[in-house]
$ cat query.pdb   # PDB, C-alpha atoms and all ligand atoms
ATOM      1  CA  MET A 547     -80.848 -34.958 121.819
ATOM      2  CA  ARG A 548     -78.875 -32.857 119.324
ATOM      3  CA  LEU A 549     -76.469 -30.435 120.924
ATOM      4  CA  ILE A 550     -73.939 -27.870 119.805
ATOM      5  CA  PHE A 551     -71.225 -26.982 122.313
ATOM      6  CA  LEU A 552     -69.924 -23.441 121.956
ATOM      7  CA  GLY A 553     -67.281 -21.619 123.912
ATOM      8  CA  PRO A 554     -63.656 -20.540 123.811
ATOM      9  CA  PRO A 555     -60.819 -23.063 123.659
ATOM     10  CA  GLY A 556     -60.251 -24.507 127.119
ATOM     11  CA  ALA A 557     -63.830 -23.943 128.269
ATOM     12  CA  GLY A 558     -64.172 -27.655 129.028
ATOM     13  CA  LYS A 559     -66.427 -28.446 126.045
ATOM     14  CA  GLY A 560     -64.615 -31.696 125.249
ATOM     15  CA  THR A 561     -64.784 -33.054 128.796
ATOM     16  CA  GLN A 562     -68.439 -32.150 129.195
ATOM     17  CA  ALA A 563     -69.254 -33.523 125.755
ATOM     18  CA  GLN A 564     -67.670 -36.882 126.659
ATOM     19  CA  ARG A 565     -69.761 -37.054 129.821
ATOM     20  CA  VAL A 566     -73.054 -36.168 128.134
ATOM     21  CA  SER A 567     -72.204 -38.534 125.279
ATOM     22  CA  ALA A 568     -71.711 -41.439 127.724
ATOM     23  CA  ARG A 569     -74.832 -40.559 129.733
ATOM     24  CA  LEU A 570     -77.161 -40.176 126.746
ATOM     25  CA  GLY A 571     -75.530 -42.746 124.452
ATOM     26  CA  ILE A 572     -75.076 -40.307 121.579
ATOM     27  CA  PRO A 573     -71.825 -39.704 119.671
ATOM     28  CA  HIS A 574     -69.440 -36.914 120.628
ATOM     29  CA  ILE A 575     -68.344 -35.369 117.344
ATOM     30  CA  SER A 576     -65.271 -33.175 117.719
ATOM     31  CA  THR A 577     -63.953 -31.668 114.495
ATOM     32  CA  GLY A 578     -60.695 -30.901 116.353
ATOM     33  CA  ASP A 579     -60.292 -34.612 117.236
ATOM     34  CA  ILE A 580     -61.082 -35.656 113.651
ATOM     35  CA  LEU A 581     -58.503 -33.179 112.326
ATOM     36  CA  ARG A 582     -55.833 -34.209 114.866
ATOM     37  CA  GLU A 583     -56.325 -37.829 113.871
ATOM     38  CA  ALA A 584     -55.987 -36.882 110.194
ATOM     39  CA  VAL A 585     -52.760 -35.021 110.972
ATOM     40  CA  ALA A 586     -51.398 -37.983 112.960
ATOM     41  CA  ASN A 587     -52.215 -40.344 110.072
ATOM     42  CA  GLN A 588     -50.837 -37.891 107.507
ATOM     43  CA  THR A 589     -53.946 -38.171 105.358
ATOM     44  CA  PRO A 590     -54.477 -35.588 102.580
ATOM     45  CA  LEU A 591     -56.881 -33.747 104.919
ATOM     46  CA  GLY A 592     -54.304 -33.816 107.708
ATOM     47  CA  GLN A 593     -51.567 -32.528 105.434
ATOM     48  CA  LYS A 594     -53.722 -29.595 104.360
ATOM     49  CA  ALA A 595     -55.020 -28.810 107.864
ATOM     50  CA  LYS A 596     -51.772 -29.031 109.837
ATOM     51  CA  ALA A 597     -50.312 -25.564 109.239
ATOM     52  CA  TYR A 598     -53.596 -23.828 110.114
ATOM     53  CA  MET A 599     -53.927 -25.831 113.313
ATOM     54  CA  ASP A 600     -50.326 -25.213 114.365
ATOM     55  CA  ARG A 601     -50.908 -21.463 113.974
ATOM     56  CA  GLY A 602     -54.229 -21.549 115.822
ATOM     57  CA  ASP A 603     -56.147 -20.448 112.728
ATOM     58  CA  LEU A 604     -59.366 -22.022 111.563
ATOM     59  CA  VAL A 605     -58.996 -24.632 108.873
ATOM     60  CA  PRO A 606     -60.800 -23.479 105.664
ATOM     61  CA  ASP A 607     -64.506 -24.364 105.538
ATOM     62  CA  GLU A 608     -64.020 -26.423 102.374
ATOM     63  CA  LEU A 609     -61.976 -28.941 104.389
ATOM     64  CA  ILE A 610     -64.556 -29.166 107.170
ATOM     65  CA  LEU A 611     -68.044 -29.058 105.699
ATOM     66  CA  GLY A 612     -67.966 -32.317 103.739
ATOM     67  CA  LEU A 613     -66.439 -34.102 106.689
ATOM     68  CA  VAL A 614     -69.238 -32.951 109.008
ATOM     69  CA  ARG A 615     -71.896 -33.933 106.485
ATOM     70  CA  GLU A 616     -70.441 -37.437 106.191
ATOM     71  CA  ARG A 617     -70.198 -37.819 109.955
ATOM     72  CA  LEU A 618     -73.802 -36.711 110.576
ATOM     73  CA  GLU A 619     -75.029 -39.115 107.917
ATOM     74  CA  GLN A 620     -73.531 -42.114 109.704
ATOM     75  CA  GLU A 621     -75.818 -44.611 111.392
ATOM     76  CA  ASP A 622     -74.799 -43.850 114.984
ATOM     77  CA  ALA A 623     -75.667 -40.164 114.545
ATOM     78  CA  GLN A 624     -79.298 -40.688 113.599
ATOM     79  CA  GLN A 625     -80.651 -40.620 117.165
ATOM     80  CA  GLY A 626     -78.658 -37.644 118.384
ATOM     81  CA  TRP A 627     -75.200 -36.110 118.651
ATOM     82  CA  ILE A 628     -73.029 -33.547 120.349
ATOM     83  CA  LEU A 629     -71.072 -31.270 118.049
ATOM     84  CA  ASP A 630     -67.961 -29.957 119.813
ATOM     85  CA  GLY A 631     -65.916 -27.363 117.924
ATOM     86  CA  PHE A 632     -68.343 -27.072 115.013
ATOM     87  CA  PRO A 633     -69.715 -24.700 113.847
ATOM     88  CA  ARG A 634     -66.853 -22.248 114.334
ATOM     89  CA  ASN A 635     -68.071 -19.335 112.191
ATOM     90  CA  LEU A 636     -71.295 -18.016 110.684
ATOM     91  CA  SER A 637     -70.899 -19.721 107.331
ATOM     92  CA  GLN A 638     -70.440 -23.092 109.067
ATOM     93  CA  ALA A 639     -73.539 -22.391 111.189
ATOM     94  CA  LYS A 640     -75.599 -21.587 108.106
ATOM     95  CA  PHE A 641     -74.285 -24.675 106.345
ATOM     96  CA  LEU A 642     -75.278 -26.773 109.358
ATOM     97  CA  ASP A 643     -78.806 -25.328 109.410
ATOM     98  CA  GLU A 644     -79.239 -26.164 105.739
ATOM     99  CA  LEU A 645     -77.768 -29.632 106.133
ATOM    100  CA  LEU A 646     -80.031 -30.402 109.100
ATOM    101  CA  ALA A 647     -83.108 -29.182 107.237
ATOM    102  CA  GLU A 648     -82.119 -31.407 104.335
ATOM    103  CA  ILE A 649     -81.788 -34.533 106.519
ATOM    104  CA  ASP A 650     -84.876 -33.616 108.540
ATOM    105  CA  GLN A 651     -83.075 -32.954 111.795
ATOM    106  CA  ALA A 652     -82.738 -29.911 114.047
ATOM    107  CA  CYS A 653     -80.410 -29.022 116.868
ATOM    108  CA  ASP A 654     -82.159 -28.837 120.253
ATOM    109  CA  ARG A 655     -79.760 -26.553 122.123
ATOM    110  CA  ALA A 656     -76.579 -24.625 121.590
ATOM    111  CA  VAL A 657     -74.738 -24.650 124.904
ATOM    112  CA  ASN A 658     -72.374 -21.759 125.459
ATOM    113  CA  PHE A 659     -69.670 -22.400 128.079
ATOM    114  CA  THR A 660     -68.384 -19.099 129.445
ATOM    115  CA  VAL A 661     -64.901 -18.760 130.979
ATOM    116  CA  PRO A 662     -62.861 -15.556 131.585
ATOM    117  CA  ASP A 663     -59.842 -15.141 129.286
ATOM    118  CA  GLU A 664     -57.262 -15.240 132.110
ATOM    119  CA  ASP A 665     -58.580 -18.630 133.270
ATOM    120  CA  ILE A 666     -58.453 -19.959 129.714
ATOM    121  CA  VAL A 667     -54.786 -19.146 129.207
ATOM    122  CA  GLN A 668     -53.899 -20.814 132.527
ATOM    123  CA  ARG A 669     -55.994 -23.894 131.770
ATOM    124  CA  LEU A 670     -54.578 -24.379 128.289
ATOM    125  CA  LEU A 671     -50.987 -23.875 129.394
ATOM    126  CA  ALA A 672     -51.607 -26.604 131.975
ATOM    127  CA  ARG A 673     -53.111 -28.915 129.311
ATOM    128  CA  GLY A 674     -49.968 -28.686 127.178
ATOM    129  CA  ARG A 675     -51.257 -29.802 123.776
ATOM    130  CA  LYS A 676     -49.082 -29.048 120.740
ATOM    131  CA  ASP A 677     -51.109 -25.915 119.854
ATOM    132  CA  ASP A 678     -51.202 -24.800 123.502
ATOM    133  CA  LYS A 679     -48.203 -22.432 123.485
ATOM    134  CA  GLU A 680     -49.088 -19.061 125.008
ATOM    135  CA  GLU A 681     -48.792 -17.114 121.756
ATOM    136  CA  THR A 682     -50.928 -19.655 119.876
ATOM    137  CA  ILE A 683     -53.473 -19.709 122.705
ATOM    138  CA  ARG A 684     -53.836 -15.937 122.511
ATOM    139  CA  HIS A 685     -54.259 -16.165 118.759
ATOM    140  CA  ARG A 686     -56.929 -18.880 119.140
ATOM    141  CA  LEU A 687     -58.753 -16.585 121.560
ATOM    142  CA  THR A 688     -58.673 -13.734 119.040
ATOM    143  CA  VAL A 689     -59.978 -16.067 116.325
ATOM    144  CA  TYR A 690     -62.662 -17.260 118.734
ATOM    145  CA  ARG A 691     -63.809 -13.703 119.451
ATOM    146  CA  GLN A 692     -63.857 -12.667 115.794
ATOM    147  CA  ALA A 693     -65.209 -15.762 114.078
ATOM    148  CA  THR A 694     -66.974 -17.924 116.666
ATOM    149  CA  ALA A 695     -68.417 -15.603 119.334
ATOM    150  CA  PRO A 696     -71.002 -14.152 116.865
ATOM    151  CA  LEU A 697     -72.634 -17.608 116.926
ATOM    152  CA  ILE A 698     -73.846 -16.885 120.462
ATOM    153  CA  GLU A 699     -76.202 -14.275 119.066
ATOM    154  CA  PHE A 700     -77.052 -16.472 116.071
ATOM    155  CA  TYR A 701     -78.369 -19.256 118.333
ATOM    156  CA  GLU A 702     -79.913 -16.800 120.773
ATOM    157  CA  GLN A 703     -82.019 -15.461 117.898
ATOM    158  CA  GLN A 704     -83.125 -19.033 117.185
ATOM    159  CA  SER A 705     -84.061 -19.360 120.901
ATOM    160  CA  ARG A 706     -81.756 -22.341 121.213
ATOM    161  CA  LEU A 707     -79.050 -20.828 123.391
ATOM    162  CA  VAL A 708     -78.246 -22.040 126.907
ATOM    163  CA  SER A 709     -75.364 -20.459 128.856
ATOM    164  CA  ILE A 710     -73.355 -22.414 131.399
ATOM    165  CA  ASP A 711     -70.676 -20.963 133.689
ATOM    166  CA  GLY A 712     -67.684 -23.012 132.582
ATOM    167  CA  SER A 713     -65.328 -21.474 135.140
ATOM    168  CA  GLN A 714     -66.721 -23.673 137.912
ATOM    169  CA  GLU A 715     -65.127 -26.939 138.944
ATOM    170  CA  MET A 716     -65.698 -29.695 136.320
ATOM    171  CA  ASN A 717     -68.281 -31.722 138.258
ATOM    172  CA  ALA A 718     -70.270 -28.596 139.074
ATOM    173  CA  VAL A 719     -70.356 -27.722 135.366
ATOM    174  CA  THR A 720     -71.600 -31.247 134.563
ATOM    175  CA  GLU A 721     -74.297 -30.883 137.226
ATOM    176  CA  HIS A 722     -75.517 -27.519 135.906
ATOM    177  CA  LEU A 723     -75.442 -28.788 132.363
ATOM    178  CA  SER A 724     -77.545 -31.864 133.222
ATOM    179  CA  GLN A 725     -80.088 -29.678 135.023
ATOM    180  CA  ASN A 726     -80.292 -27.354 132.044
ATOM    181  CA  LEU A 727     -80.688 -30.151 129.517
ATOM    182  CA  ALA A 728     -83.424 -31.784 131.591
ATOM    183  CA  ALA A 729     -85.347 -28.512 131.822
TER     184      ALA A 729
HETATM  185  P1  LIG A 801     -60.333 -27.778 118.866
HETATM  186  O1  LIG A 801     -59.867 -29.100 119.357
HETATM  187  O2  LIG A 801     -61.830 -27.740 118.640
HETATM  188  O3  LIG A 801     -59.863 -26.637 119.710
HETATM  189  O4  LIG A 801     -59.701 -27.571 117.405
HETATM  190  C1  LIG A 801     -58.296 -27.521 117.227
HETATM  191  C2  LIG A 801     -57.977 -26.833 115.905
HETATM  192  O5  LIG A 801     -58.592 -27.540 114.825
HETATM  193  C3  LIG A 801     -58.520 -25.410 115.799
HETATM  194  O6  LIG A 801     -57.640 -24.465 116.355
HETATM  195  C4  LIG A 801     -58.659 -25.264 114.273
HETATM  196  O7  LIG A 801     -57.399 -25.049 113.672
HETATM  197  C5  LIG A 801     -59.112 -26.645 113.859
HETATM  198  N1  LIG A 801     -60.601 -26.770 113.852
HETATM  199  C6  LIG A 801     -61.371 -27.556 114.662
HETATM  200  N2  LIG A 801     -62.666 -27.447 114.348
HETATM  201  C7  LIG A 801     -62.737 -26.556 113.325
HETATM  202  C8  LIG A 801     -63.803 -26.009 112.557
HETATM  203  N3  LIG A 801     -65.081 -26.333 112.801
HETATM  204  N4  LIG A 801     -63.488 -25.125 111.567
HETATM  205  C9  LIG A 801     -62.211 -24.786 111.306
HETATM  206  N5  LIG A 801     -61.162 -25.254 112.000
HETATM  207  C10 LIG A 801     -61.413 -26.135 112.998
END

$ encode --input "query.pdb" --output "structure tokens" --more "lines below"
Ligand code: AMP
Amino acid sequence: MRLIFLGPPGAGKGTQAQRVSARLGIPHISTGDILREAVANQTPLGQKAKAYMDRGDLVPDELILGLVRERLEQEDAQQGWILDGFPRNLSQAKFLDELLAEIDQACDRAVNFTVPDEDIVQRLLARGRKDDKEETIRHRLTVYRQATAPLIEFYEQQSRLVSIDGSQEMNAVTEHLSQNLAA
């Protein structure tokens, strides 16, 4: 199974991705996690990405695309994967389509987790990550709407889109997601 998880920050993509990853035995690939690790280790990637992440802006594509290619080429990703937080804009989505065609793979579903804005701000403030200050959260939501939300239509046109109500309680979301993926 090859899955793309879409949705605003705080929609529960990471939690659901971990659960599906454990259930199906496929890697959970979070570009946000990879970047945070790079920042923590002060690698060249981390040093370049940090300021964008602190502001809640997207990191430039040139820092992300090669990293995703390398990750998808690894052995454990050959039988399936869950991409969480990638693609984040149309050019990343087009890059991914080309990359997958090149390595003879295709994504099965793009799962869009929907959550009202007011719930998102409350959830992220409760989570308390470094980039979870209210002003940064609101900026991430604006970036999401401008850059990432158009991907919903992109995957709908490819007939790959599944929508899940992410505002439900976590276990209910997992249940709906499993039903949808089995269908
Ligand atoms: P996330 O954990 O997915 O919310 O990502 C945290 C931050 O990492 C985002 O606010 C961006 O600054 C950066 N980031 C993660 N994934 C991407 C991506 N695919 N493209 C650009 N920036 C990203």

$ residues_near_ligand --input "query.pdb" --ligand "ligand LIG 801 (chain A)" --cutoff "9 Å" --atoms "all atoms listed in the file" --output "ChimeraX atom specification"
/A:554-556,559-560,576-582,595-607,609-611,614,630-635,638,677,682-683,686,689

$ closest_residue --input "query.pdb" --among "A:Val657, A:Leu552, A:Ile649, A:Ile666" --to "Ala623 in chain A" --atoms "all atoms listed in the file"
A:Ile649

$ axis_aligned_box --input "query.pdb" --around "range 691-699 of chain A" --padding-each-side "6 Å" --output "lines of an AutoDock Vina configuration file"
center_x = -70.0
center_y = -15.3
center_z = 117.3
size_x = 24.4
size_y = 17.3
size_z = 18.4

$ residues_near_point --input "query.pdb" --point "(-72.3, -35.5, 124.9)" --cutoff "10 Å" --atoms "all atoms listed in the file" --output "PDB file with C-alpha atoms, in the coordinates of the input"
ATOM      1  CA  MET A 547     -80.848 -34.958 121.819  1.00  0.00           C
ATOM      2  CA  ARG A 548     -78.875 -32.857 119.324  1.00  0.00           C
ATOM      3  CA  LEU A 549     -76.469 -30.435 120.924  1.00  0.00           C
ATOM      4  CA  ILE A 550     -73.939 -27.870 119.805  1.00  0.00           C
ATOM      5  CA  PHE A 551     -71.225 -26.982 122.313  1.00  0.00           C
ATOM      6  CA  LYS A 559     -66.427 -28.446 126.045  1.00  0.00           C
ATOM      7  CA  GLY A 560     -64.615 -31.696 125.249  1.00  0.00           C
ATOM      8  CA  THR A 561     -64.784 -33.054 128.796  1.00  0.00           C
ATOM      9  CA  GLN A 562     -68.439 -32.150 129.195  1.00  0.00           C
ATOM     10  CA  ALA A 563     -69.254 -33.523 125.755  1.00  0.00           C
ATOM     11  CA  GLN A 564     -67.670 -36.882 126.659  1.00  0.00           C
ATOM     12  CA  ARG A 565     -69.761 -37.054 129.821  1.00  0.00           C
ATOM     13  CA  VAL A 566     -73.054 -36.168 128.134  1.00  0.00           C
ATOM     14  CA  SER A 567     -72.204 -38.534 125.279  1.00  0.00           C
ATOM     15  CA  ALA A 568     -71.711 -41.439 127.724  1.00  0.00           C
ATOM     16  CA  ARG A 569     -74.832 -40.559 129.733  1.00  0.00           C
ATOM     17  CA  LEU A 570     -77.161 -40.176 126.746  1.00  0.00           C
ATOM     18  CA  GLY A 571     -75.530 -42.746 124.452  1.00  0.00           C
ATOM     19  CA  ILE A 572     -75.076 -40.307 121.579  1.00  0.00           C
ATOM     20  CA  PRO A 573     -71.825 -39.704 119.671  1.00  0.00           C
ATOM     21  CA  HIS A 574     -69.440 -36.914 120.628  1.00  0.00           C
ATOM     22  CA  ILE A 575     -68.344 -35.369 117.344  1.00  0.00           C
ATOM     23  CA  GLY A 626     -78.658 -37.644 118.384  1.00  0.00           C
ATOM     24  CA  TRP A 627     -75.200 -36.110 118.651  1.00  0.00           C
ATOM     25  CA  ILE A 628     -73.029 -33.547 120.349  1.00  0.00           C
ATOM     26  CA  LEU A 629     -71.072 -31.270 118.049  1.00  0.00           C
ATOM     27  CA  ASP A 630     -67.961 -29.957 119.813  1.00  0.00           C
TER      28      ASP A 630
END

$ closest_residue --input "query.pdb" --among "A:Lys640, A:Lys679, A:His722, A:Arg684" --to "Tyr701 in chain A" --atoms "only C-alpha atoms"
A:Lys640

$ atom_distance --input "query.pdb" --atom1 "CA of Phe659 in chain A" --atom2 "CA of Gln714 in chain A"
10.3 Å

$ resolve_selection --input "query.pdb" --expression "the PyMOL selection byres (((chain A and resi 695) around 10) and not hetatm)" --output "PyMOL selection string"
chain A and resi 552-554+634-636+658+687-694+696-700

$ write_last_selection --input "query.pdb" --atoms "C-alpha atoms" --output "PDB file, keeping the file's coordinate frame"
ATOM      1  CA  LEU A 552     -69.924 -23.441 121.956  1.00  0.00           C
ATOM      2  CA  GLY A 553     -67.281 -21.619 123.912  1.00  0.00           C
ATOM      3  CA  PRO A 554     -63.656 -20.540 123.811  1.00  0.00           C
ATOM      4  CA  ARG A 634     -66.853 -22.248 114.334  1.00  0.00           C
ATOM      5  CA  ASN A 635     -68.071 -19.335 112.191  1.00  0.00           C
ATOM      6  CA  LEU A 636     -71.295 -18.016 110.684  1.00  0.00           C
ATOM      7  CA  ASN A 658     -72.374 -21.759 125.459  1.00  0.00           C
ATOM      8  CA  LEU A 687     -58.753 -16.585 121.560  1.00  0.00           C
ATOM      9  CA  THR A 688     -58.673 -13.734 119.040  1.00  0.00           C
ATOM     10  CA  VAL A 689     -59.978 -16.067 116.325  1.00  0.00           C
ATOM     11  CA  TYR A 690     -62.662 -17.260 118.734  1.00  0.00           C
ATOM     12  CA  ARG A 691     -63.809 -13.703 119.451  1.00  0.00           C
ATOM     13  CA  GLN A 692     -63.857 -12.667 115.794  1.00  0.00           C
ATOM     14  CA  ALA A 693     -65.209 -15.762 114.078  1.00  0.00           C
ATOM     15  CA  THR A 694     -66.974 -17.924 116.666  1.00  0.00           C
ATOM     16  CA  PRO A 696     -71.002 -14.152 116.865  1.00  0.00           C
ATOM     17  CA  LEU A 697     -72.634 -17.608 116.926  1.00  0.00           C
ATOM     18  CA  ILE A 698     -73.846 -16.885 120.462  1.00  0.00           C
ATOM     19  CA  GLU A 699     -76.202 -14.275 119.066  1.00  0.00           C
ATOM     20  CA  PHE A 700     -77.052 -16.472 116.071  1.00  0.00           C
TER      21      PHE A 700
END
